[in-house]
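Raw protein.cif, mmCIF, C-alpha atoms:
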```
data_work
#
loop_
_atom_site.label_atom_id
_atom_site.label_comp_id
_atom_site.auth_asym_id
_atom_site.auth_seq_id
_atom_site.Cartn_x
_atom_site.Cartn_y
_atom_site.Cartn_z
CA MET A 1 -20.96 6.01 -5.66
CA LYS A 2 -24.05 3.90 -5.12
CA ALA A 3 -22.18 0.58 -5.33
CA LEU A 4 -19.86 1.65 -2.51
CA GLU A 5 -22.74 2.75 -0.28
CA GLU A 6 -24.41 -0.63 -0.84
CA ARG A 7 -21.16 -2.45 -0.10
CA ILE A 8 -20.64 -0.52 3.14
CA LEU A 9 -24.17 -1.41 4.25
CA LYS A 10 -23.59 -5.05 3.33
CA ASP A 11 -20.05 -5.62 4.66
CA GLY A 12 -19.18 -2.70 6.93
CA LYS A 13 -19.30 -3.03 10.70
CA VAL A 14 -19.88 -0.16 13.10
CA LEU A 15 -17.85 -0.37 16.31
CA PRO A 16 -18.03 1.86 19.38
CA GLY A 17 -16.44 5.27 18.98
CA HIS A 18 -17.69 5.91 15.44
CA VAL A 19 -15.35 3.30 13.99
CA LEU A 20 -16.50 1.94 10.64
CA LYS A 21 -14.74 -1.33 9.81
CA VAL A 22 -14.46 -2.10 6.11
CA GLY A 23 -11.43 -4.35 6.34
CA ASN A 24 -12.94 -7.16 4.33
CA PHE A 25 -13.06 -5.20 1.07
CA LEU A 26 -11.32 -1.82 1.39
CA ASN A 27 -8.33 -1.51 3.70
CA HIS A 28 -7.08 -4.88 4.89
CA GLN A 29 -8.49 -7.37 2.41
CA ILE A 30 -9.05 -5.65 -0.91
CA ASP A 31 -11.76 -6.61 -3.36
CA THR A 32 -9.51 -5.90 -6.30
CA PRO A 33 -12.05 -5.54 -9.15
CA PHE A 34 -14.24 -3.35 -6.93
CA MET A 35 -11.23 -1.20 -5.98
CA MET A 36 -10.41 -0.75 -9.66
CA GLU A 37 -14.00 0.41 -10.26
CA MET A 38 -13.51 3.00 -7.53
CA GLY A 39 -10.35 4.12 -9.32
CA LYS A 40 -12.33 4.60 -12.54
CA GLU A 41 -14.90 6.69 -10.70
CA ILE A 42 -12.11 8.90 -9.31
CA ALA A 43 -10.72 9.27 -12.83
CA ARG A 44 -14.16 10.33 -14.09
CA ILE A 45 -14.51 12.97 -11.35
CA PHE A 46 -11.02 14.44 -11.64
CA GLU A 47 -9.93 14.02 -15.27
CA GLY A 48 -10.90 17.64 -16.01
CA ASP A 49 -8.57 18.84 -13.25
CA LYS A 50 -5.59 17.42 -15.12
CA PRO A 51 -3.55 16.02 -12.22
CA THR A 52 0.00 14.96 -13.09
CA LYS A 53 0.59 12.79 -10.01
CA ILE A 54 -1.36 11.04 -7.27
CA LEU A 55 -0.24 11.37 -3.65
CA THR A 56 -1.43 9.10 -0.86
CA ILE A 57 -0.18 7.98 2.55
CA GLU A 58 0.85 4.56 3.76
CA ALA A 59 -0.53 2.06 4.30
CA SER A 60 -4.25 1.92 3.67
CA GLY A 61 -4.32 4.67 1.03
CA ILE A 62 -2.00 2.79 -1.32
CA ALA A 63 -4.48 0.35 -2.86
CA LEU A 64 -7.00 3.05 -3.78
CA GLY A 65 -4.13 5.26 -4.88
CA MET A 66 -2.97 2.50 -7.24
CA ALA A 67 -6.49 2.03 -8.59
CA ALA A 68 -6.81 5.74 -9.33
CA ALA A 69 -3.28 5.92 -10.76
CA VAL A 70 -3.98 3.03 -13.11
CA ALA A 71 -7.28 4.56 -14.24
CA MET A 72 -5.63 7.94 -14.90
CA ASP A 73 -2.28 6.57 -16.11
CA LEU A 74 -0.37 8.64 -13.54
CA PRO A 75 2.54 7.97 -11.19
CA LEU A 76 1.65 7.32 -7.55
CA VAL A 77 3.64 8.54 -4.56
CA PHE A 78 2.89 7.36 -1.06
CA ALA A 79 4.06 9.47 1.88
CA LYS A 80 5.67 7.52 4.71
CA LYS A 81 5.06 7.63 8.43
CA LYS A 82 8.26 7.99 10.44
CA LYS A 83 8.91 7.40 14.07
CA SER A 84 12.16 9.33 14.25
CA ILE A 85 11.97 13.10 14.46
CA ASN A 86 15.32 13.57 12.75
CA VAL A 87 15.15 16.12 9.98
CA GLU A 88 16.72 14.83 6.81
CA ASP A 89 17.74 17.16 4.03
CA ASP A 90 16.33 15.02 1.25
CA LEU A 91 12.80 14.79 2.71
CA TYR A 92 9.82 17.09 2.99
CA SER A 93 8.34 16.53 6.41
CA THR A 94 5.22 17.46 8.36
CA ILE A 95 3.46 16.44 11.57
CA VAL A 96 0.02 14.83 11.49
CA HIS A 97 -2.18 14.23 14.49
CA SER A 98 -4.09 10.96 14.59
CA TYR A 99 -7.31 11.25 16.59
CA THR A 100 -7.83 7.50 16.17
CA HIS A 101 -4.61 6.66 18.00
CA ASN A 102 -4.20 10.00 19.81
CA ILE A 103 -0.61 10.51 18.69
CA ASP A 104 1.37 12.87 16.50
CA TYR A 105 3.42 11.25 13.80
CA ARG A 106 5.79 12.57 11.19
CA VAL A 107 4.93 12.14 7.53
CA VAL A 108 7.63 12.45 4.91
CA VAL A 109 8.14 12.31 1.20
CA SER A 110 11.40 12.29 -0.70
CA LYS A 111 12.12 15.64 -2.35
CA GLU A 112 12.91 13.91 -5.61
CA ASN A 113 9.39 12.47 -5.75
CA LEU A 114 7.43 15.70 -5.23
CA LEU A 115 8.35 18.58 -7.52
CA ALA A 116 7.51 22.23 -8.09
CA GLY A 117 4.73 22.70 -10.61
CA GLU A 118 3.21 19.25 -10.24
CA ARG A 119 -0.59 19.05 -10.11
CA ILE A 120 -1.39 16.70 -7.26
CA LEU A 121 -4.52 14.67 -6.64
CA ILE A 122 -4.59 13.49 -3.01
CA VAL A 123 -6.17 10.07 -2.39
CA ASP A 124 -6.86 8.25 0.87
CA ASP A 125 -9.19 5.57 2.15
CA PHE A 126 -10.88 7.62 4.89
CA LEU A 127 -11.53 11.30 5.52
CA ALA A 128 -12.67 12.25 9.02
CA ASN A 129 -11.24 15.42 10.53
CA GLY A 130 -8.92 15.90 7.57
CA CYS A 131 -5.60 15.87 9.45
CA ALA A 132 -3.90 13.38 7.14
CA ILE A 133 -5.01 15.26 4.03
CA ARG A 134 -3.84 18.57 5.46
CA GLY A 135 -0.47 17.00 6.16
CA LEU A 136 -0.20 15.83 2.55
CA MET A 137 -1.25 19.32 1.38
CA ASP A 138 1.54 20.78 3.47
CA LEU A 139 4.07 18.49 1.78
CA VAL A 140 2.80 19.55 -1.66
CA ALA A 141 3.07 23.22 -0.66
CA GLN A 142 6.64 22.72 0.57
CA ALA A 143 7.51 21.26 -2.83
CA GLY A 144 5.88 24.13 -4.70
CA GLY A 145 3.20 21.92 -6.22
CA LYS A 146 -0.54 22.51 -6.52
CA VAL A 147 -3.29 20.39 -4.99
CA VAL A 148 -5.97 20.04 -7.69
CA GLY A 149 -8.26 17.90 -5.57
CA CYS A 150 -8.76 15.42 -2.78
CA THR A 151 -10.67 12.17 -2.89
CA THR A 152 -11.35 9.42 -0.43
CA ALA A 153 -13.39 6.26 -0.46
CA ILE A 154 -15.35 7.03 2.71
CA GLU A 155 -15.83 10.42 4.33
CA LYS A 156 -17.25 10.71 7.81
CA GLY A 157 -19.24 13.82 7.01
CA PHE A 158 -20.29 14.25 10.62
CA GLN A 159 -16.67 14.90 11.61
CA GLY A 160 -16.53 17.98 9.39
CA GLY A 161 -13.03 17.75 7.92
CA GLY A 162 -14.22 17.46 4.33
CA ASP A 163 -16.72 20.32 4.54
CA GLN A 164 -14.08 22.56 6.09
CA LEU A 165 -11.75 21.87 3.16
CA ARG A 166 -14.61 22.59 0.72
CA ALA A 167 -15.31 25.86 2.52
CA GLU A 168 -11.69 26.79 1.88
CA GLY A 169 -12.22 26.24 -1.84
CA TYR A 170 -10.72 22.78 -2.35
CA LYS A 171 -12.39 20.25 -4.61
CA VAL A 172 -13.06 17.35 -2.25
CA GLU A 173 -15.01 14.40 -3.61
CA SER A 174 -15.51 11.29 -1.54
CA LEU A 175 -17.08 8.21 -3.06
CA ALA A 176 -19.38 7.78 -0.06
CA ILE A 177 -20.15 10.34 2.64
CA VAL A 178 -21.58 9.09 5.92
CA ASP A 179 -23.51 11.93 7.56
CA GLU A 180 -24.95 9.96 10.46
CA MET A 181 -23.69 6.84 12.13
CA THR A 182 -25.09 4.85 15.01
CA ASP A 183 -24.59 1.25 16.03
CA HIS A 184 -27.66 0.37 14.02
CA SER A 185 -27.78 2.69 11.04
CA LEU A 186 -25.76 4.69 8.54
CA VAL A 187 -27.14 7.68 6.67
CA PHE A 188 -25.37 8.68 3.47
CA ARG A 189 -25.32 12.23 2.13
CA LYS A 190 -27.60 12.69 -0.91
CA MET B 1 12.49 -9.73 -16.04
CA LYS B 2 14.88 -7.90 -18.30
CA ALA B 3 12.97 -4.60 -18.19
CA LEU B 4 13.25 -4.54 -14.39
CA GLU B 5 16.98 -5.25 -14.44
CA GLU B 6 17.46 -2.40 -16.89
CA ARG B 7 15.35 -0.10 -14.77
CA ILE B 8 17.32 -0.92 -11.63
CA LEU B 9 20.56 -0.15 -13.45
CA LYS B 10 19.12 3.12 -14.74
CA ASP B 11 17.30 4.43 -11.65
CA GLY B 12 18.50 2.41 -8.66
CA LYS B 13 21.04 3.80 -6.22
CA VAL B 14 23.36 1.70 -4.10
CA LEU B 15 23.96 3.08 -0.61
CA PRO B 16 26.37 1.83 2.06
CA GLY B 17 25.32 -1.38 3.82
CA HIS B 18 23.97 -3.14 0.71
CA VAL B 19 20.99 -0.81 0.50
CA LEU B 20 19.48 -0.61 -2.97
CA LYS B 21 17.25 2.44 -3.32
CA VAL B 22 14.53 2.13 -5.93
CA GLY B 23 12.18 4.68 -4.41
CA ASN B 24 11.64 6.61 -7.61
CA PHE B 25 9.81 3.79 -9.38
CA LEU B 26 9.11 0.86 -7.04
CA ASN B 27 8.45 1.57 -3.38
CA HIS B 28 7.92 5.27 -2.71
CA GLN B 29 7.07 6.76 -6.07
CA ILE B 30 5.49 4.10 -8.24
CA ASP B 31 5.76 3.98 -12.00
CA THR B 32 2.22 2.71 -12.35
CA PRO B 33 2.27 1.26 -15.89
CA PHE B 34 5.60 -0.43 -15.17
CA MET B 35 4.24 -1.86 -11.90
CA MET B 36 1.25 -3.26 -13.78
CA GLU B 37 3.66 -4.93 -16.23
CA MET B 38 5.39 -6.57 -13.26
CA GLY B 39 1.99 -7.78 -12.10
CA LYS B 40 1.38 -9.39 -15.49
CA GLU B 41 4.75 -11.14 -15.31
CA ILE B 42 3.85 -12.51 -11.87
CA ALA B 43 0.53 -13.74 -13.29
CA ARG B 44 2.36 -15.49 -16.12
CA ILE B 45 4.74 -17.24 -13.70
CA PHE B 46 2.13 -18.35 -11.16
CA GLU B 47 -1.13 -18.87 -13.07
CA GLY B 48 -0.52 -22.63 -13.18
CA ASP B 49 -0.28 -22.72 -9.38
CA LYS B 50 -3.87 -21.55 -9.12
CA PRO B 51 -3.63 -19.15 -6.17
CA THR B 52 -6.96 -18.00 -4.74
CA LYS B 53 -5.60 -14.99 -2.85
CA ILE B 54 -2.54 -12.75 -2.74
CA LEU B 55 -0.94 -11.90 0.60
CA THR B 56 1.53 -9.07 1.09
CA ILE B 57 2.74 -6.87 3.95
CA GLU B 58 2.38 -3.15 4.49
CA ALA B 59 3.48 -0.77 3.22
CA SER B 60 5.81 -1.25 0.31
CA GLY B 61 4.40 -4.61 -0.78
CA ILE B 62 0.94 -3.26 -1.43
CA ALA B 63 1.47 -1.65 -4.83
CA LEU B 64 3.04 -4.78 -6.37
CA GLY B 65 0.43 -6.88 -4.59
CA MET B 66 -2.29 -4.81 -6.25
CA ALA B 67 -0.63 -5.14 -9.65
CA ALA B 68 -0.47 -8.93 -9.30
CA ALA B 69 -4.00 -9.11 -7.90
CA VAL B 70 -5.36 -7.12 -10.84
CA ALA B 71 -3.49 -9.28 -13.35
CA MET B 72 -4.76 -12.50 -11.73
CA ASP B 73 -8.21 -11.16 -10.76
CA LEU B 74 -7.69 -12.17 -7.12
CA PRO B 75 -8.37 -10.53 -3.77
CA LEU B 76 -5.39 -8.96 -2.02
CA VAL B 77 -4.75 -9.03 1.72
CA PHE B 78 -2.00 -6.98 3.32
CA ALA B 79 -0.70 -7.99 6.72
CA LYS B 80 -0.23 -5.16 9.17
CA LYS B 81 2.69 -4.25 11.40
CA LYS B 82 1.68 -3.65 15.00
CA LYS B 83 3.52 -1.96 17.79
CA SER B 84 1.44 -3.38 20.62
CA ILE B 85 2.15 -6.91 21.71
CA ASN B 86 -1.41 -7.50 22.90
CA VAL B 87 -2.82 -10.73 21.60
CA GLU B 88 -6.22 -10.25 20.06
CA ASP B 89 -8.56 -13.16 19.47
CA ASP B 90 -9.59 -12.08 15.99
CA LEU B 91 -6.03 -11.84 14.62
CA TYR B 92 -3.37 -14.27 13.49
CA SER B 93 -0.08 -12.92 14.72
CA THR B 94 3.63 -13.59 14.29
CA ILE B 95 6.94 -11.91 15.05
CA VAL B 96 9.27 -10.78 12.27
CA HIS B 97 12.82 -9.59 12.71
CA SER B 98 13.93 -6.67 10.57
CA TYR B 99 17.67 -6.71 9.92
CA THR B 100 17.35 -3.32 8.20
CA HIS B 101 16.06 -1.64 11.34
CA ASN B 102 17.35 -4.23 13.84
CA ILE B 103 14.01 -4.65 15.59
CA ASP B 104 11.36 -7.30 16.05
CA TYR B 105 7.87 -6.32 15.07
CA ARG B 106 4.53 -8.06 15.22
CA VAL B 107 2.69 -8.81 11.99
CA VAL B 108 -1.00 -9.56 12.06
CA VAL B 109 -3.85 -10.43 9.77
CA SER B 110 -7.52 -10.59 10.61
CA LYS B 111 -8.75 -14.18 10.91
CA GLU B 112 -11.71 -13.39 8.68
CA ASN B 113 -9.34 -12.46 5.84
CA LEU B 114 -7.18 -15.60 5.83
CA LEU B 115 -9.06 -18.89 5.68
CA ALA B 116 -8.41 -22.60 5.78
CA GLY B 117 -7.95 -24.12 2.36
CA GLU B 118 -6.97 -20.90 0.59
CA ARG B 119 -4.11 -21.10 -1.89
CA ILE B 120 -1.87 -18.13 -1.12
CA LEU B 121 0.64 -16.37 -3.34
CA ILE B 122 2.95 -14.21 -1.22
CA VAL B 123 4.14 -10.97 -2.82
CA ASP B 124 6.59 -8.38 -1.54
CA ASP B 125 8.86 -5.69 -2.97
CA PHE B 126 12.17 -7.06 -1.59
CA LEU B 127 13.48 -10.45 -0.53
CA ALA B 128 16.75 -10.46 1.42
CA ASN B 129 17.04 -12.88 4.34
CA GLY B 130 13.42 -13.93 3.94
CA CYS B 131 12.20 -12.98 7.44
CA ALA B 132 9.13 -11.09 6.24
CA ILE B 133 8.11 -13.91 3.89
CA ARG B 134 8.56 -16.51 6.61
CA GLY B 135 6.36 -14.42 8.87
CA LEU B 136 3.64 -14.34 6.21
CA MET B 137 4.03 -18.10 5.72
CA ASP B 138 3.51 -18.58 9.43
CA LEU B 139 0.25 -16.61 9.27
CA VAL B 140 -0.96 -18.77 6.36
CA ALA B 141 -0.08 -21.92 8.28
CA GLN B 142 -1.97 -20.70 11.35
CA ALA B 143 -5.04 -20.19 9.15
CA GLY B 144 -4.74 -23.65 7.62
CA GLY B 145 -4.00 -22.30 4.15
CA LYS B 146 -1.36 -23.35 1.64
CA VAL B 147 1.46 -21.20 0.26
CA VAL B 148 1.61 -21.94 -3.47
CA GLY B 149 4.47 -19.56 -4.14
CA CYS B 150 6.41 -16.44 -3.24
CA THR B 151 7.40 -13.62 -5.53
CA THR B 152 9.21 -10.35 -5.06
CA ALA B 153 10.34 -7.59 -7.36
CA ILE B 154 13.96 -7.63 -6.22
CA GLU B 155 15.77 -10.44 -4.45
CA LYS B 156 19.16 -9.87 -2.88
CA GLY B 157 20.45 -13.28 -3.86
CA PHE B 158 23.68 -12.77 -1.93
CA GLN B 159 21.73 -12.69 1.34
CA GLY B 160 20.52 -16.22 0.80
CA GLY B 161 16.92 -16.05 2.01
CA GLY B 162 15.39 -16.95 -1.35
CA ASP B 163 17.70 -19.88 -2.02
CA GLN B 164 17.03 -21.27 1.44
CA LEU B 165 13.28 -21.21 0.74
CA ARG B 166 13.87 -22.91 -2.63
CA ALA B 167 15.96 -25.59 -0.89
CA GLU B 168 12.94 -26.25 1.33
CA GLY B 169 10.80 -26.84 -1.74
CA TYR B 170 8.98 -23.54 -2.12
CA LYS B 171 8.45 -21.99 -5.53
CA VAL B 172 10.17 -18.63 -5.18
CA GLU B 173 10.39 -16.44 -8.26
CA SER B 174 11.79 -12.94 -8.06
CA LEU B 175 11.58 -10.62 -11.04
CA ALA B 176 15.21 -9.60 -10.60
CA ILE B 177 17.87 -11.34 -8.50
CA VAL B 178 20.95 -9.35 -7.54
CA ASP B 179 23.78 -11.79 -6.85
CA GLU B 180 26.54 -9.25 -6.35
CA MET B 181 26.35 -5.67 -5.28
CA THR B 182 29.05 -3.09 -4.76
CA ASP B 183 28.93 0.69 -4.78
CA HIS B 184 29.82 0.59 -8.44
CA SER B 185 28.19 -2.48 -9.92
CA LEU B 186 25.28 -4.88 -9.75
CA VAL B 187 25.40 -8.42 -11.09
CA PHE B 188 22.09 -10.10 -11.85
CA ARG B 189 21.55 -13.85 -11.73
CA LYS B 190 21.25 -15.43 -15.17
#
```

Would you mind writing the structure in this file as structure tokens?
Amino acid sequence: MKALEERILKDGKVLPGHVLKVGNFLNHQIDTPFMMEMGKEIARIFEGDKPTKILTIEASGIALGMAAAVAMDLPLVFAKKKKSINVEDDLYSTIVHSYTHNIDYRVVVSKENLLAGERILIVDDFLANGCAIRGLMDLVAQAGGKVVGCTTAIEKGFQGGGDQLRAEGYKVESLAIVDEMTDHSLVFRK
Amino acid sequence: MKALEERILKDGKVLPGHVLKVGNFLNHQIDTPFMMEMGKEIARIFEGDKPTKILTIEASGIALGMAAAVAMDLPLVFAKKKKSINVEDDLYSTIVHSYTHNIDYRVVVSKENLLAGERILIVDDFLANGCAIRGLMDLVAQAGGKVVGCTTAIEKGFQGGGDQLRAEGYKVESLAIVDEMTDHSLVFRK
């Protein structure tokens, strides 16, 4: 999505450790009309895959998830991060490793909000190594649903998580893929 | 908002300890078209107050914040909950007590996303004792902005936080106010 690449170049900030800060339009302050345009682009890419529900993860996936859900007229579910490791009967649960914070955390979704047979489109703000998306996929599998695709605003292509999912046959479409990143330049995938 | 009251009666579940679960349409799974209708109602109530930005708090305020931001064509900022107590120069920070979880947590917003002179409408999913909203108000005050109003989907009127804010002169409008709540009945404020 050309407009997103231009916006990243204009407003994004690269910090040490391959951190790309886009908090002034994407995941802290949200440029609402621009986010809704991203949702329309997701709808255009995935309408043929006929998702019946959008699944994202708190907190920074929710705004893009809403934008996509509005554009596709679908319900949105956001998985929650839990500190406690108690297993609860009414939740599907999985463990996700965060390389950013170097911790494992538990991600849950209520069983009544993820059902067998549902066709799930997974949405998140960032895709790097793919751990969060794999955790969401695991929740969908536990419920007996089907992942029809994954989409994120910004994929760090150089971290390989997206390409690995593609190699496994998943439809993964990110609105901007950064293939190279230094303190001074970003190279987007053509 | 009559439609919200009806939806709470239809889909809400009362659990021990005055917990009202509305996770199948409001704050876990989101009924997207219905959420967007709530956003339009918020726009109708607050358009005369001329907010320039909407402020909410992660995670469950974000969806309603987006709905209101879309309806009013405004940017949305969501404050973040932090575990670390490190003070960082680029953040406004405050402490909020959660009665639900009986902990204090730190809430922050980047200084570049909350500016002097901005007219802020605060949005959240629930209002009970008002601690979260007061924390957001404190962040706005630190930035030199002005709170033009507060709105939530569901206010637990019997906990008093909303009425206390009204007594202090704030415009607080919740889309549904529950004044009495037992395991078997809910009474909404007229």

**OP:** Would you mind telling me which residue in B:Met38, B:Ile120, B:Ala153, B:Val140 lies nearest to Ser60 of chain B when using all atoms listed in the file?
**Re:** B:Ala153

Subject >> Expected selection from the PyMOL selection byres ((chain B) within 6 of (chain A)), given as a list in words >> reply: His28, Gln29, Ile30, Asp31, Thr32, Glu58, Ala59, Pro75, Leu76, Val77 and Phe78 of chain B

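If all atoms listed in the file are the atoms counted, then among A:Lys171, A:Asp138, A:Leu4, A:Lys10 the closest residue to Gly48 of chain A is A:Lys171.
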
Original post:
Could you spell out the hits of the PyMOL selection byres ((chain B and resi 142) around 12) on the shown file, as number ranges by chain?
Top reply: B: 91-94, 108-111, 114-118, 135-141, 143-147

Go ahead and dump the residues you just picked, C-alpha atoms, as a PDB file, keeping the file's coordinate frame.
```pdb
ATOM      1  CA  LEU B  91      -6.030 -11.840  14.620  1.00  0.00           C
ATOM      2  CA  TYR B  92      -3.370 -14.270  13.490  1.00  0.00           C
ATOM      3  CA  SER B  93      -0.080 -12.920  14.720  1.00  0.00           C
ATOM      4  CA  THR B  94       3.630 -13.590  14.290  1.00  0.00           C
ATOM      5  CA  VAL B 108      -1.000  -9.560  12.060  1.00  0.00           C
ATOM      6  CA  VAL B 109      -3.850 -10.430   9.770  1.00  0.00           C
ATOM      7  CA  SER B 110      -7.520 -10.590  10.610  1.00  0.00           C
ATOM      8  CA  LYS B 111      -8.750 -14.180  10.910  1.00  0.00           C
ATOM      9  CA  LEU B 114      -7.180 -15.600   5.830  1.00  0.00           C
ATOM     10  CA  LEU B 115      -9.060 -18.890   5.680  1.00  0.00           C
ATOM     11  CA  ALA B 116      -8.410 -22.600   5.780  1.00  0.00           C
ATOM     12  CA  GLY B 117      -7.950 -24.120   2.360  1.00  0.00           C
ATOM     13  CA  GLU B 118      -6.970 -20.900   0.590  1.00  0.00           C
ATOM     14  CA  GLY B 135       6.360 -14.420   8.870  1.00  0.00           C
ATOM     15  CA  LEU B 136       3.640 -14.340   6.210  1.00  0.00           C
ATOM     16  CA  MET B 137       4.030 -18.100   5.720  1.00  0.00           C
ATOM     17  CA  ASP B 138       3.510 -18.580   9.430  1.00  0.00           C
ATOM     18  CA  LEU B 139       0.250 -16.610   9.270  1.00  0.00           C
ATOM     19  CA  VAL B 140      -0.960 -18.770   6.360  1.00  0.00           C
ATOM     20  CA  ALA B 141      -0.080 -21.920   8.280  1.00  0.00           C
ATOM     21  CA  ALA B 143      -5.040 -20.190   9.150  1.00  0.00           C
ATOM     22  CA  GLY B 144      -4.740 -23.650   7.620  1.00  0.00           C
ATOM     23  CA  GLY B 145      -4.000 -22.300   4.150  1.00  0.00           C
ATOM     24  CA  LYS B 146      -1.360 -23.350   1.640  1.00  0.00           C
ATOM     25  CA  VAL B 147       1.460 -21.200   0.260  1.00  0.00           C
TER      26      VAL B 147
END
```

Original post:
Mind telling me what the PyMOL selection byres ((chain A and resi 122) around 7) catches here, as JSON, numbers by chain?
Top reply: {"A": [54, 55, 56, 120, 121, 123, 124, 149, 150, 151]}

Skip Met1 of chain B itself and residues of its chain fewer than 5 positions away, then list as a short mmCIF file (atom, residue, chain, number, x, y, z; two decimals) with C-alpha atoms, in the frame of the given file all residues within 9 Å of it, counting all atoms listed in the file.
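Wrote around35.cif, looks like this:
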```
data_model
loop_
_atom_site.label_atom_id
_atom_site.label_comp_id
_atom_site.auth_asym_id
_atom_site.auth_seq_id
_atom_site.Cartn_x
_atom_site.Cartn_y
_atom_site.Cartn_z
CA GLU B 6 17.46 -2.40 -16.89
CA MET B 38 5.39 -6.57 -13.26
CA GLU B 41 4.75 -11.14 -15.31
CA SER B 174 11.79 -12.94 -8.06
CA LEU B 175 11.58 -10.62 -11.04
CA ALA B 176 15.21 -9.60 -10.60
#
```

What are the centre and edge lengths in Å, to one decimal, of the axis-aligned box around all listed atoms of segment 87-105 of chain B with 4 Å added on each side, as JSON?
```
{"center_x": 4.0, "center_y": -8.0, "center_z": 14.9, "size_x": 35.3, "size_y": 20.6, "size_z": 21.4}
```

Subject >> Counting all atoms listed in the file, the residue of B:Thr52, B:Gln164, B:Gln159, B:Ser98 that sits nearest Cys131 of chain B >> reply: B:Ser98

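Atom CA of Gly130 of chain A sits 18.4 Å away from atom CA of Phe188 of chain A.
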
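One finds atom CA of Glu180 of chain A at 23.5 Å from atom CA of His97 of chain A.
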
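Our summary of the geometry notes that atom CA of Ala167 of chain B is positioned 13.9 Å from atom CA of Arg134 of chain B.
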
**OP:** Determine, counting all atoms listed in the file, which protein, DNA and RNA residues have an atom within 12 Å of an atom of Lys156 of chain B; residues of the same chain fewer than 3 positions away are not included. Present the result as a list of chain:residue names.
**Re:** B:His18, B:Val19, B:Leu20, B:Asp125, B:Phe126, B:Leu127, B:Ala128, B:Asn129, B:Gly130, B:Thr152, B:Ala153, B:Gln159, B:Gly160, B:Gly161, B:Gly162, B:Asp163, B:Ser174, B:Leu175, B:Ala176, B:Ile177, B:Val178, B:Asp179, B:Glu180, B:Met181, B:Leu186, B:Val187, B:Phe188, B:Arg189

Subject >> Which of B:Leu165, B:Ala3, B:Lys13, B:Tyr105 sits closest to Ile133 of chain B [using all atoms listed in the file] >> reply: B:Leu165
